[in-house]
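> The structure file input-v9.cif (mmCIF, C-alpha atoms) is provided below.
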```
data_final
#
loop_
_atom_site.label_atom_id
_atom_site.label_comp_id
_atom_site.auth_asym_id
_atom_site.auth_seq_id
_atom_site.Cartn_x
_atom_site.Cartn_y
_atom_site.Cartn_z
CA MET A 177 -11.38 4.31 -30.53
CA HIS A 178 -14.77 2.62 -30.82
CA ASP A 179 -13.58 -0.87 -31.83
CA LYS A 180 -10.86 -0.75 -29.16
CA THR A 181 -13.53 -0.40 -26.45
CA ALA A 182 -15.47 -3.24 -28.02
CA ARG A 183 -12.46 -5.55 -27.94
CA LEU A 184 -11.77 -4.73 -24.31
CA THR A 185 -15.29 -5.69 -23.30
CA THR A 186 -15.05 -9.08 -25.00
CA ASP A 187 -11.75 -9.67 -23.18
CA GLU A 188 -13.44 -9.15 -19.86
CA TYR A 189 -15.49 -12.32 -20.11
CA THR A 190 -14.09 -15.61 -19.08
CA GLN A 191 -13.20 -18.17 -21.72
CA LEU A 192 -13.88 -21.09 -19.38
CA ALA A 193 -16.75 -23.49 -19.90
CA PRO A 194 -19.58 -23.31 -17.32
CA VAL A 195 -18.71 -26.82 -16.02
CA VAL A 196 -15.12 -25.79 -15.34
CA ARG A 197 -16.30 -22.63 -13.61
CA LEU A 198 -18.63 -24.68 -11.41
CA LEU A 199 -15.74 -27.00 -10.54
CA ILE A 200 -13.54 -24.02 -9.64
CA ALA A 201 -16.36 -22.58 -7.51
CA LEU A 202 -16.64 -25.93 -5.68
CA LEU A 203 -12.89 -26.12 -5.04
CA VAL A 204 -12.78 -22.51 -3.81
CA SER A 205 -15.75 -23.25 -1.52
CA VAL A 206 -13.82 -26.18 -0.03
CA ALA A 207 -10.89 -23.83 0.60
CA ALA A 208 -13.30 -21.30 2.19
CA ALA A 209 -14.73 -23.99 4.46
CA GLY A 210 -11.21 -24.98 5.54
CA LEU A 211 -10.27 -21.38 6.31
CA ALA A 212 -13.55 -20.81 8.16
CA TYR A 213 -12.87 -23.95 10.24
CA VAL A 214 -9.43 -22.57 11.15
CA VAL A 215 -10.93 -19.20 12.15
CA LEU A 216 -13.64 -20.89 14.25
CA SER A 217 -11.13 -23.17 15.98
CA LEU A 218 -9.05 -20.23 17.25
CA PRO A 219 -9.49 -19.32 20.92
CA LEU A 220 -12.02 -16.50 21.41
CA VAL A 221 -9.82 -14.61 23.85
CA ALA A 222 -6.15 -14.14 23.04
CA ASN A 223 -4.02 -11.22 24.15
CA GLY A 224 -1.29 -11.92 21.61
CA LEU A 225 1.64 -9.59 22.05
CA LYS A 226 -0.43 -6.80 23.60
CA GLU A 227 1.06 -7.18 27.08
CA ALA A 228 4.62 -7.38 25.75
CA VAL A 229 4.05 -4.13 23.83
CA ALA A 230 2.42 -2.38 26.80
CA GLU A 231 5.28 -3.46 29.07
CA HIS A 232 7.97 -1.87 26.88
CA LEU A 233 5.92 1.08 25.61
CA ALA A 234 7.68 3.50 27.98
CA LEU A 235 11.04 2.65 26.36
CA SER A 236 9.83 3.15 22.79
CA GLY A 237 9.80 6.97 22.74
CA VAL A 238 6.14 7.19 21.67
CA SER A 239 2.93 6.49 23.58
CA HIS A 240 0.78 5.02 20.79
CA PRO A 241 1.25 1.23 20.65
CA VAL A 242 0.83 0.86 16.84
CA THR A 243 3.44 3.56 16.14
CA ALA A 244 5.73 1.95 18.73
CA VAL A 245 5.42 -1.43 16.97
CA LEU A 246 5.85 0.09 13.49
CA LEU A 247 8.86 2.27 14.14
CA ASN A 248 10.57 0.74 17.15
CA PHE A 249 9.76 -2.88 18.02
CA ARG A 250 9.26 -3.98 14.40
CA GLY A 251 11.20 -1.15 12.78
CA TYR A 252 12.89 -3.65 10.48
CA ASP A 253 9.54 -4.42 8.78
CA THR A 254 8.94 -0.74 8.16
CA LEU A 255 12.47 -0.29 6.83
CA LEU A 256 11.96 -3.11 4.31
CA GLU A 257 8.52 -1.72 3.47
CA MET A 258 10.09 1.60 2.47
CA GLY A 259 12.39 -0.46 0.30
CA VAL A 260 9.41 -2.21 -1.34
CA LEU A 261 7.80 1.16 -2.09
CA LEU A 262 11.00 2.43 -3.72
CA LEU A 263 11.46 -0.85 -5.60
CA ALA A 264 7.91 -0.63 -7.01
CA LEU A 265 8.64 2.87 -8.28
CA LEU A 266 11.91 1.69 -9.84
CA GLY A 267 9.96 -1.10 -11.54
CA VAL A 268 7.41 1.39 -12.90
CA TRP A 269 10.13 3.75 -14.09
CA SER A 270 12.12 0.95 -15.74
CA LEU A 271 9.08 0.15 -17.94
CA GLY A 272 9.39 3.49 -19.71
CA GLY A 273 8.20 7.05 -19.71
CA ILE A 274 4.80 8.46 -18.83
CA PRO A 275 2.21 6.72 -21.07
CA GLN A 276 0.96 8.99 -23.82
CA GLN A 277 -2.74 9.61 -23.46
CA ARG A 278 -5.11 12.40 -24.21
CA GLU A 279 -5.51 14.53 -21.11
CA PRO A 280 -9.08 15.67 -20.65
CA SER A 281 -9.14 19.27 -19.47
CA PRO A 282 -9.79 19.29 -15.72
CA GLY A 283 -12.67 21.74 -15.73
CA ALA A 284 -13.27 24.68 -13.42
CA VAL A 285 -14.58 22.61 -10.47
CA LEU A 286 -11.60 20.25 -10.23
CA ASP A 287 -9.21 23.14 -10.80
CA MET A 288 -10.76 25.22 -8.01
CA LEU A 289 -11.16 22.22 -5.70
CA SER A 290 -7.50 21.24 -6.02
CA ARG A 291 -6.45 24.81 -5.23
CA LEU A 292 -8.57 24.73 -2.07
CA LEU A 293 -7.84 21.17 -0.97
CA VAL A 294 -4.10 20.77 -1.54
CA PRO A 295 -3.02 23.25 1.19
CA VAL A 296 -5.51 21.64 3.61
CA LEU A 297 -4.23 18.16 2.73
CA ILE A 298 -0.62 19.23 3.36
CA LEU A 299 -1.69 20.64 6.73
CA VAL A 300 -3.58 17.41 7.58
CA ALA A 301 -0.49 15.38 6.64
CA GLY A 302 1.63 17.43 9.02
CA TYR A 303 -0.94 16.99 11.79
CA LEU A 304 -1.18 13.20 11.24
CA LEU A 305 2.60 12.93 11.34
CA TRP A 306 2.80 14.80 14.66
CA VAL A 307 -0.19 13.14 16.31
CA GLY A 308 1.10 9.63 15.45
CA ALA A 309 3.29 9.65 18.59
CA HIS A 310 0.30 9.37 20.92
CA ALA A 311 -2.83 8.71 18.84
CA PRO A 312 -3.79 6.93 15.59
CA GLY A 313 -1.71 8.48 12.81
CA GLY A 314 1.90 8.35 11.70
CA ALA A 315 4.14 8.35 8.68
CA PHE A 316 2.07 6.09 6.41
CA GLN A 317 -1.22 7.86 7.06
CA ALA A 318 0.42 11.26 6.61
CA GLY A 319 2.28 10.04 3.52
CA SER A 320 -0.87 8.75 1.86
CA VAL A 321 -2.67 12.07 2.50
CA LEU A 322 0.32 13.84 0.94
CA GLY A 323 0.17 11.37 -1.96
CA ALA A 324 -3.54 12.14 -2.40
CA ALA A 325 -2.70 15.85 -2.61
CA GLY A 326 -0.15 15.01 -5.33
CA VAL A 327 -2.67 12.87 -7.24
CA LEU A 328 -5.22 15.71 -7.06
CA LEU A 329 -2.65 18.10 -8.52
CA LEU A 330 -1.80 15.63 -11.31
CA LEU A 331 -5.51 15.14 -12.07
CA ALA A 332 -5.93 18.91 -12.32
CA GLY A 333 -3.28 18.90 -15.04
CA TRP A 334 -0.28 20.08 -13.02
CA ARG A 335 3.07 18.54 -13.99
CA PRO A 336 6.36 18.97 -12.11
CA GLY A 337 8.74 21.33 -13.88
CA ALA A 338 11.71 19.80 -15.72
CA ARG A 339 14.06 21.31 -13.14
CA PHE A 340 12.52 19.26 -10.32
CA VAL A 341 12.17 15.83 -11.91
CA GLY A 342 15.91 15.23 -12.13
CA LEU A 343 18.08 15.07 -9.05
CA PRO A 344 15.73 16.92 -6.61
CA LEU A 345 12.91 14.42 -7.20
CA ARG A 346 15.22 11.42 -6.90
CA ILE A 347 16.73 12.72 -3.67
CA THR A 348 13.25 13.27 -2.19
CA LEU A 349 12.25 9.72 -3.18
CA VAL A 350 15.18 8.06 -1.39
CA THR A 351 15.20 10.40 1.66
CA GLY A 352 12.82 8.21 3.68
CA LEU A 353 14.75 4.98 3.19
CA GLY A 354 18.08 6.84 3.43
CA VAL A 355 17.35 8.51 6.77
CA PHE A 356 15.97 5.21 8.12
CA VAL A 357 19.13 3.29 7.14
CA VAL A 358 21.47 6.04 8.40
CA VAL A 359 19.72 6.18 11.79
CA GLY A 360 19.60 2.38 12.04
CA VAL A 361 23.30 1.96 11.24
CA THR A 362 24.34 4.92 13.43
CA VAL A 363 22.72 3.44 16.55
CA MET A 364 24.49 0.18 15.69
CA LEU A 365 27.87 1.97 15.53
CA VAL A 366 27.18 3.86 18.77
CA GLY A 367 26.82 0.56 20.57
CA GLY A 368 23.38 -0.92 20.12
CA ARG A 369 22.02 -3.29 17.51
CA LEU A 370 20.49 -2.38 14.15
CA LEU A 371 17.54 0.00 14.74
CA GLU A 372 17.87 -0.31 18.54
CA TYR A 373 17.30 3.32 19.53
CA PRO A 374 18.53 4.53 22.92
CA PRO A 375 15.32 5.16 24.96
CA SER A 376 16.23 8.79 25.75
CA LEU A 377 16.56 9.67 22.05
CA ALA A 378 13.91 7.29 20.67
CA GLY A 379 11.12 9.87 20.44
CA ALA A 380 13.23 12.36 18.45
CA LEU A 381 14.71 9.68 16.20
CA ILE A 382 11.26 8.26 15.41
CA LEU A 383 9.95 11.75 14.55
CA LEU A 384 12.97 12.34 12.28
CA ILE A 385 12.47 9.01 10.48
CA GLU A 386 8.73 9.56 10.20
CA ALA A 387 9.12 13.08 8.79
CA ALA A 388 11.51 11.86 6.09
CA ALA A 389 9.35 8.80 5.42
CA THR A 390 6.16 10.91 5.10
CA LEU A 391 7.74 13.09 2.43
CA SER A 392 9.13 10.11 0.50
CA ILE A 393 5.90 8.07 0.75
CA GLY A 394 3.79 11.01 -0.44
CA ILE A 395 6.03 11.80 -3.40
CA THR A 396 6.45 8.08 -4.27
CA LEU A 397 2.68 7.48 -4.33
CA ALA A 398 2.13 10.54 -6.54
CA ALA A 399 4.99 9.40 -8.82
CA LEU A 400 3.47 5.90 -9.04
CA PHE A 401 0.22 7.56 -10.17
CA LEU A 402 2.08 9.19 -13.07
CA GLY A 403 2.71 5.64 -14.35
CA GLY A 404 6.17 6.17 -15.77
CA ARG A 405 9.49 7.92 -15.53
CA PRO A 406 9.12 11.67 -16.06
CA GLU A 407 11.35 13.13 -18.75
CA THR A 408 14.32 14.93 -17.28
CA ARG A 409 15.06 16.92 -20.41
CA VAL A 410 13.10 18.18 -23.35
CA HIS A 411 12.28 15.65 -26.09
CA ARG A 412 14.75 15.62 -28.97
CA MET B 63 -21.64 -15.40 17.30
CA SER B 64 -19.28 -12.70 18.47
CA ASN B 65 -18.19 -9.72 16.38
CA VAL B 66 -14.68 -11.12 16.08
CA VAL B 67 -15.89 -14.33 14.43
CA PHE B 68 -18.29 -12.40 12.18
CA TYR B 69 -15.60 -10.06 10.85
CA ALA B 70 -13.03 -12.84 10.51
CA LEU B 71 -15.48 -15.00 8.54
CA THR B 72 -16.33 -11.99 6.33
CA GLY B 73 -12.60 -11.66 5.68
CA VAL B 74 -12.42 -15.35 4.73
CA GLY B 75 -15.38 -14.80 2.39
CA LEU B 76 -13.72 -11.81 0.69
CA PHE B 77 -10.50 -13.81 0.29
CA THR B 78 -12.29 -16.71 -1.42
CA LEU B 79 -14.40 -14.43 -3.64
CA GLY B 80 -11.18 -12.78 -4.78
CA LEU B 81 -9.53 -16.17 -5.34
CA TYR B 82 -12.45 -17.32 -7.53
CA ALA B 83 -12.38 -14.09 -9.57
CA LEU B 84 -8.59 -14.34 -9.95
CA ILE B 85 -8.89 -17.81 -11.48
CA VAL B 86 -11.99 -17.25 -13.63
CA HIS B 87 -11.44 -13.79 -15.15
CA VAL B 88 -9.13 -13.31 -18.10
CA HIS B 89 -8.80 -9.52 -18.16
CA LEU B 90 -5.70 -8.45 -16.25
CA LEU B 91 -7.43 -5.48 -14.60
CA ARG B 92 -9.96 -7.89 -13.09
CA LYS B 93 -7.15 -10.15 -11.89
CA ILE B 94 -5.42 -7.18 -10.22
CA LEU B 95 -8.71 -6.14 -8.58
CA ALA B 96 -9.25 -9.75 -7.46
CA ILE B 97 -5.84 -9.82 -5.77
CA ASN B 98 -6.71 -6.56 -3.99
CA VAL B 99 -10.01 -8.03 -2.75
CA MET B 100 -8.09 -11.08 -1.47
CA GLY B 101 -5.67 -8.76 0.33
CA SER B 102 -8.54 -6.83 1.92
CA GLY B 103 -9.93 -10.14 3.18
CA VAL B 104 -6.60 -10.99 4.81
CA PHE B 105 -6.43 -7.53 6.43
CA LEU B 106 -9.97 -7.92 7.76
CA VAL B 107 -9.07 -11.32 9.30
CA LEU B 108 -5.95 -9.82 10.93
CA VAL B 109 -7.82 -6.81 12.36
CA ALA B 110 -10.64 -9.05 13.60
CA LEU B 111 -8.23 -11.45 15.31
CA ALA B 112 -6.43 -8.47 16.93
CA ALA B 113 -9.67 -7.57 18.76
CA ARG B 114 -9.72 -10.81 20.77
CA THR B 115 -8.16 -9.12 23.82
CA GLN B 116 -9.84 -9.01 27.22
CA GLU B 117 -10.00 -5.20 27.47
CA ALA B 118 -11.19 -2.72 24.86
CA ALA B 119 -7.75 -1.90 23.37
CA PRO B 120 -6.78 -4.36 20.60
CA ASP B 121 -3.43 -6.09 20.04
CA PRO B 122 -1.29 -3.49 18.19
CA VAL B 123 1.02 -5.94 16.39
CA PRO B 124 -1.53 -7.18 13.77
CA HIS B 125 -2.57 -3.55 13.22
CA ALA B 126 1.01 -2.62 12.40
CA MET B 127 1.21 -5.64 10.07
CA VAL B 128 -1.95 -4.47 8.27
CA ILE B 129 -0.52 -0.95 7.74
CA THR B 130 2.65 -2.50 6.32
CA GLY B 131 0.53 -4.80 4.17
CA ILE B 132 -1.59 -1.95 2.77
CA VAL B 133 1.49 -0.04 1.62
CA VAL B 134 2.98 -3.16 0.01
CA ALA B 135 -0.39 -3.88 -1.68
CA ILE B 136 -0.57 -0.33 -3.09
CA SER B 137 2.99 -0.57 -4.44
CA ALA B 138 2.37 -3.98 -6.00
CA THR B 139 -0.93 -2.79 -7.53
CA ALA B 140 0.71 0.25 -9.09
CA LEU B 141 3.48 -1.90 -10.60
CA ALA B 142 0.92 -4.47 -11.81
CA LEU B 143 -1.19 -1.77 -13.49
CA VAL B 144 1.80 -0.37 -15.34
CA LEU B 145 2.80 -3.91 -16.40
CA MET B 146 -0.78 -4.43 -17.64
CA LEU B 147 -0.60 -1.22 -19.71
CA ARG B 148 2.70 -2.44 -21.13
CA VAL B 149 1.19 -5.83 -22.07
CA ARG B 150 -1.67 -3.99 -23.80
CA ALA B 151 0.76 -1.74 -25.65
CA GLU B 152 2.75 -4.78 -26.85
CA THR B 153 -0.08 -7.17 -27.74
CA GLY B 154 -3.14 -4.91 -28.11
CA ARG B 155 -5.00 -6.92 -25.46
CA ALA B 156 -5.09 -6.59 -21.68
CA THR B 157 -4.91 -10.35 -21.19
CA LEU B 158 -2.01 -12.71 -20.79
CA PRO B 159 -1.06 -14.20 -24.18
CA GLU B 160 -1.39 -17.98 -24.61
CA GLU B 161 2.10 -18.25 -26.08
CA PRO B 162 5.18 -16.38 -24.71
CA LEU B 163 5.92 -12.96 -26.20
CA GLY B 164 8.38 -13.27 -29.07
#
```
Mind turning the file's structure into structure tokens?

Amino acid sequence: MHDKTARLTTDEYTQLAPVVRLLIALLVSVAAAGLAYVVLSLPLVANGLKEAVAEHLALSGVSHPVTAVLLNFRGYDTLLEMGVLLLALLGVWSLGGIPQQREPSPGAVLDMLSRLLVPVLILVAGYLLWVGAHAPGGAFQAGSVLGAAGVLLLLAGWRPGARFVGLPLRITLVTGLGVFVVVGVTVMLVGGRLLEYPPSLAGALILLIEAAATLSIGITLAALFLGGRPETRVHR
Amino acid sequence: MSNVVFYALTGVGLFTLGLYALIVHVHLLRKILAINVMGSGVFLVLVALAARTQEAAPDPVPHAMVITGIVVAISATALALVLMLRVRAETGRATLPEEPLG
């Protein structure tokens, strides 16, 4: 254990000569100056797409502009983003099982704290999900709070039972992307374009997508924290 | 100097600091952290530029892009960390090997 730590600390230092490092610093400074010039040359007042968003906000089904952009006007970005999240988890799982490491015992404080905090975090996630329609909040904020609750449970030594890590876990992970795709394709079949919600139903559809996405994001983030594919059956 | 320019320039600074650390450091954890600092710089520039509107409310489109970007950055970081652990398990070092893995 001791020499392993020693080797890691020697790895941390750069193997580059000081002259090379100075040269890199100079080149990076030139790049910084270029970027700063670009930032300074931008106009100081620019409304961007703010007016376009405000004009169509009434049709989006929600009254908070960021949620309207995320789930209606640029819903395609959010759909692909759910795909990226799932893809990252697939990548982590494909690299093998949960890494074997000694688990330090959580201690009474962390144990007690997780018991107190996890119900509150779940409640906060539900509130953030609901409030996202008209104030800052939404699926990603709620999902990350849910993910934090999961990480807290994992830190306190809790592990999902073998019954849940098989099909139930996998279904929960793909629910967010699945509901999003089903809604997007259904509105296309009904007569719109992909992800073009009818204005009368937009609010309900966005809440449905966000609820499914919150659950999937939370569970995906907690599963990413595990660092590997959980075993579905007992080791042979 | 307005707040917008100050925050945007801070973002540029974070991006370049991260870029320097990404090139100079050998340890993969430091490279992953450097990429995250670069990403934070980009997000700061986007949020700063979104505040250039005439009224108080900022442009919501860059904000939505930043939220999307944060989630993608978290996913990529998690995958990178697991890849780093795998490299360490295979080679015993958390650095990229000079020659390809056999």
> Just say which residues the PyMOL selection byres ((chain A and resi 261) around 12) picks in this file, as number ranges by chain.
A: 254-260, 262-268, 316, 319, 349-350, 352-353, 389, 392-400; B: 130-141
> Evaluated on this file, the PyMOL selection byres ((chain B) within 6 of (chain A)) picks out some residues - which ones are they, written as a PyMOL selection string?
chain B and resi 78+87-89+114-115+121-122+126+137+141
> Check which residues satisfy the PyMOL selection byres ((chain B and resi 83) around 9) in the file shown, then give them as a PyMOL selection string.
chain B and resi 78-82+84-87+92-93+95-97
> Rank nothing, just name the residue among B:Leu71, B:Val66, B:Ile129, B:Leu158 nearest to Ala112 of chain B, using all atoms listed in the file.
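Using all atoms listed in the file, Ala112 of chain B sits closest to B:Val66.
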> So which one's closest to Arg150 of chain B, B:Val74, B:Leu91, B:Met127, B:Phe68? Using only C-alpha atoms, please.
B:Leu91
> Quick one: pull the distance between atom CA of Leu76 of chain B and atom CA of Ala113 of chain B, Å, one decimal.
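Atom CA of Leu76 of chain B sits 19.0 Å away from atom CA of Ala113 of chain B.
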> Which distance in Å separates atom CA of Gly237 of chain A and atom CA of Ile347 of chain A, to one decimal?
27.9 Å
